[in-house]
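Enquirer: My questions will all concern the structure given below.
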Amino acid sequence: MTIAGIYFYLKDDLPDVTTLSDVRLQTPMQVFTADGELISQFGEKRRIPLKLEEMPPLLVQAFLAVEDTRFYEHPGIDIIGIFRAVTVVASSGDFSQGASTITQQLARNFFLSREKKIARKVKEIFLAFHIEQLLSKDQILELYLNKIELGQRSFGVGAAAQVYFGKTVHELTVDEIAIIAGLPKAPSALNPVRSASNARARRNVVLGRMLDTGVIDKATYQQAIAAPVTSRLHGAQITASAPYIAEMVRQEMVARFGEETAYSAGLQVFTTIQSKQQAAAKIALQQNLYNYDERHGYRGPVAQLWPAELTEAADAEAVYQETDPLSPADIQAYLDQQSGIEDLHSAVVTAVSAQSADIMLAGGQQVTLEWDGLKWARSFISDERQGVAPKTAYSILAPGMHILVRKSDEKWRLSQVPLPSSAIVAIDPHNGAIRSLIGGYSFSQSQFNRATQAKRQVGSNIKPFIYSAALEHGYTLASIMNDAPIHQWDDNAGIAWRPKNSPAVYDGPIRIREALAKSKNVVSVRLLRGVGVDNTIRHLQKFGFAASDLPRNETLSLGSASLTPLELVTGYATFANGGYLVTPYVIDKILDEDGVELYQHQPAVACRDCLAETETKAETAIDNEALLNDLFNTLETDAAADRNNAIVTESTAAPIAEHVISEQNSFLIADALKSSVWGGGDWQRGTGWNGTAWRVQSLKRRDISAKTGTTNDSKDTWFSGFTPDLAVTVWVGFDDSNRSLGRAQWHANMGQQQSAGAESGARTALPAWLSYMQTALQDVAEQQTPPPVGLASVRIDLKSGLLSRSNDHTSDFEYFKPGTEPTQYAGTDVQQISFDKSRDKKTDEEEIELF
């Protein structure tokens with residue numbers, strides 16, 4: 001009667017345990033690449049839910065041995081344990097003897113607090129009875145092993161295995177299983193990350209219980225109890241490095257669902273990122289920054305741990321006199337406190353010889369830096385100057401130096417954290433899907449996403465858009481422009497504006513195709529004047545560029561517009577896809593924790609076939625109302641038939657992106673940008689010429705269109721290029737927009753040094769683009785885009801741009817819109833533009849695509 005009375009007294013305060021039959025464990029949001037690699041995990045609670053049958057039997061038995069040996073026998077409470085706890089309380093007032101079964105712990109974890117009071121304990125008992133009536137023993141055990149708090153924000157055995165040991169539950173050893181099984185008693189104090197000694201003592205208790213209950217034999221027990229406790233915090237098993245993408249997804253998911261749902265509902269977000277391409281983008285960007293940094297010299301060690309003085313003048317016989325050097329143990333203790341960044345490792349120099357240096361890495365590893373990994377280290381003087389090339393390691397390193405090193409081609413190399421920043425972004429021009437995106441050297445160093453947030457002047461990367469506007473206003477790729485210096489007096493400012501080519505070489509009368517390929521600044525200015533600033537700005541806005549980012553003056557023609565890399569590559573994608581403005585996106589689909597699709601993105605696509613169908617329909621001028629009604633009814637019937645499959649309906653009726661420029665215009669610019677890669681003329685006769693992107697020829701493909709870009713004083717360097725299926729932009733510069741990337745000097749004793757001269761789009765940004773594309777295009781067949789309907793191919797004279805009857809190196813075929821092709825043949829009677837081919841004193845080593 002007493003127990004019944006207590007039950008009815010507390011009944012109204014007891015929670016409804018039926019909620020356990022449909023429990024939703026709080027699990028973090030996971031972000032994946034398109035091909036299923038894990039990018040990141042977001043959520044306060046780390047949990048990896050597992051079915052009971054997915055857990056190793058030994059792990060389950062370990063928990064039963066130490067927490068509840070009679071679990072499968074009792075009705076939810078252990079009478080013997082309760083009487084033991086009551087006895088302790090009555091004799092000493094000590095509430096530490098909990099005597100809770102696994103069912104009681106489950107009740108407490110879901111419904112009650114941890115306070116040690118009799119009322120709470122009684123509620124726990126009654127709840128345990130209810131739970132046992134509602135759920136089977138296996139269901140209770142599965143919930144418990146997934147719900148239990150195990151320290152370091154890990155909940156459940158799956159998360160604990162990952163957090164403490166970086167393993168799945170099936171990879172755990174016996175001693176590791178015992179450590180995890182011992183955690184429920186006091187997860188904060190007993191976890192191996194916080195206290196190895198506490199974890200060892202508790203582990204040994206668990207192993208003893210496992211031995212006593214027959215879960216393990218004596219030999220296994222002795223082996224496990226002798227194992228050292230080694231553990232460190234492990235994050236989620238990230239298999240694809242895309243932290244900037246992960247942050248973009250996190251922000252969008254929080255905006256869409258709110259923080260609580262986004263972080264705890266177990267959502268699975270699949271992005272558009274391709275893991276292989278993303279890995280290639282990271283390598284390309286970081287290696288390119290390392291190369292820049294090495295060109296500009298070594299800035300010295302991180303720290304000098306003890307004094308070391310060179311005592312001999314002759315380098316080959318030099319000896320260092322060291323004062324109070326640290327012992328190997330002290331060096332190791334120092335290194336254990338240092339954190340690395342990306343693939344850079346802290347090291348301490350222990351000895352130096354003429355052509356090498358011995359260093360110690362964290363963990364006590366001792367390696368040798370060979371001369372090939374040191375000889376680049378001229379001293380850094382400024383962004384514009386470097387010291388002389390070193391002849392020995394003595395002039396670079398000394399014992400006691402804390403330095404940074406990295407692996408390169410399986411060999412260690414002296415290194416340093418790069419000073420400039422960079423971004424790379426690649427999108428699918430057909431639908432705007434972002435395939436790769438890196439927003440900086442290291443997300444841990446800076447979370448600022450330069451690919452999406454940094455608006456920087458684009459330099460000559462703006463020129464294809466200027467030329468596109470010109471083609472809409474009567475110009476053709478064969479139009480002749482005067483490549484001559486411009487001197488314009490500004491009455492308001494009282495100064496003359498003298499835009500120059502860079503290098504300051506002028507070719508006189510030049511076809512527009514060649515001017516774009518060679519990135520002729522003065523031709524771009526003249527085209528802007530011919531089209532008009534307002535007309536040009538209106539045209540550039542068609543590519544998604546905001547009017548506020550486009551200066552309303554003639555500097556626009558030279559790249560004074562400020563755009564983000566993502567905005568710029570979206571504009572270039574328009575030339576690749578036939579003139580459609582696609583919208584970049586990164587989230588492809590969202591699944592709930594059970595794998596049920598919650599969202600599928602339906603991008604607006606570029607559709608050349610759709611355009612052809614539209615044009616055909618327009619030409620036929622169907623205006624019969626009955627036919628239109630029949631068509632409408634047919635579409636309605638088809639839609640009704642597909643309503644049971646919403647995804648199929650949406651995918652087969654994908655929206656079409658806005659068609660912002662004609663297919664002919666986009667093709668002409670894309671084709672002209674191929675000349676930027678392959679040049680023109682007749683090399684055998686000495687009339688051949690290179691475009692500014694000629695280094696792309698190394699890819700040995702004819703389907704690439706590309707453009708370099710460099711701003712005044714080399715503050716920003718760009719390279720943008722595309723194939724029919726991929727558009728990619730790379731930016732390199734300092735976060736301080738006023739700082740120049742400078743120049744690298746050449747020294748004969750450095751060997752084959754290819755970096756002399758000012759930094760530029762071709763030297764500074766293009767190498768990263770090339771490196772990325774070597775992977776991205778590896779298994780992609782070359783594709784040639786056929787000329788669209790409405791273009792004529794006409795043989796022209798390369799000098800005058802007029803029609804030609806010749807069939808030799810003086811002529812070639814050019815594309816024209818109908819009605820724009822020349823009507824006059826080249827001849828002696830054609831008036832030629834008179835021009836003085838002047839040039840200032842800048843050398844080819846100073847070549848940059850400057851505005």
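Scheme for the structure tokens: letters A, B, ... for chains in order shown; per-chain residue numbers from 1; ligand numbers from 1 in order shown.
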Can you check which residues of range 393-583 of chain A DSSP gives as strand (DSSP E or B) on the backbone and send them as a PyMOL selection string?
Expert: chain A and resi 401-408+411-415+421-427+433-438+456-457+480-483+488-490+495-497+505+508-511+562-563+580-581
Enquirer: So that I can check the surroundings of range 36-50 of chain A, please list as a PyMOL selection string every protein, DNA and RNA residue that reaches within 7 Å of it, counting only C-alpha atoms and ignoring chain neighbours fewer than 4 positions away.
Expert: chain A and resi 27-32+54-55+146+153-156+158-159+236+238-242+246+263-264+275
Enquirer: Using only C-alpha atoms, which residue out of A:Asp588, A:Ala470, A:Ser666, A:Gly459 lies closest to Ile537 in chain A?
Expert: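 Closest to Ile537 in chain A, using only C-alpha atoms: A:Ala470.
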Enquirer: Determine which residues of range 193-280 of chain A DSSP labels as helix (DSSP H, G or I) from the backbone of this structure, then write them out as number ranges by chain.
Expert: A: 196-212, 218-225, 243-257, 259-264, 275-280
Enquirer: With only C-alpha atoms as the atoms that count, which of A:Ala281, A:Ile148, A:Ala199, A:Ala265 lies nearest to Tyr164 in chain A?
Expert: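 Going through A:Ala281, A:Ile148, A:Ala199, A:Ala265 one by one, the smallest distance to Tyr164 in chain A is for A:Ala199.
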Enquirer: Could you tell me which of A:Asn288, A:Ser468, A:Thr810, A:Asn482 comes closest to Arg685 in chain A if we count only C-alpha atoms?
Expert: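 Of all the options, A:Thr810 lies closest to Arg685 in chain A.
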Enquirer: Determine the nearest neighbour of Asn291 in chain A from the options A:Ala377, A:Pro786, A:Ser720, A:Gly559, counting only C-alpha atoms.
Expert: A:Ala377
Enquirer: Hey, can you check how far CA of Tyr144 in chain A sits from CA of Ala178 in chain A?
Expert: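 Answer for the CA of Tyr144 in chain A to CA of Ala178 in chain A separation: 16.8 Å.
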Enquirer: Write out as a PyMOL selection string the residues lying within 7 Å of Ala451 in chain A, counting only C-alpha atoms and excluding same-chain residues fewer than 3 positions away.
Expert: chain A and resi 423-425+438-439+454+564-566
Enquirer: Could you pull the residues within 7 Å of Glu384 in chain A, counting only C-alpha atoms, minus those fewer than 6 positions along the same chain, as a PyMOL selection string?
Expert: chain A and resi 742-744
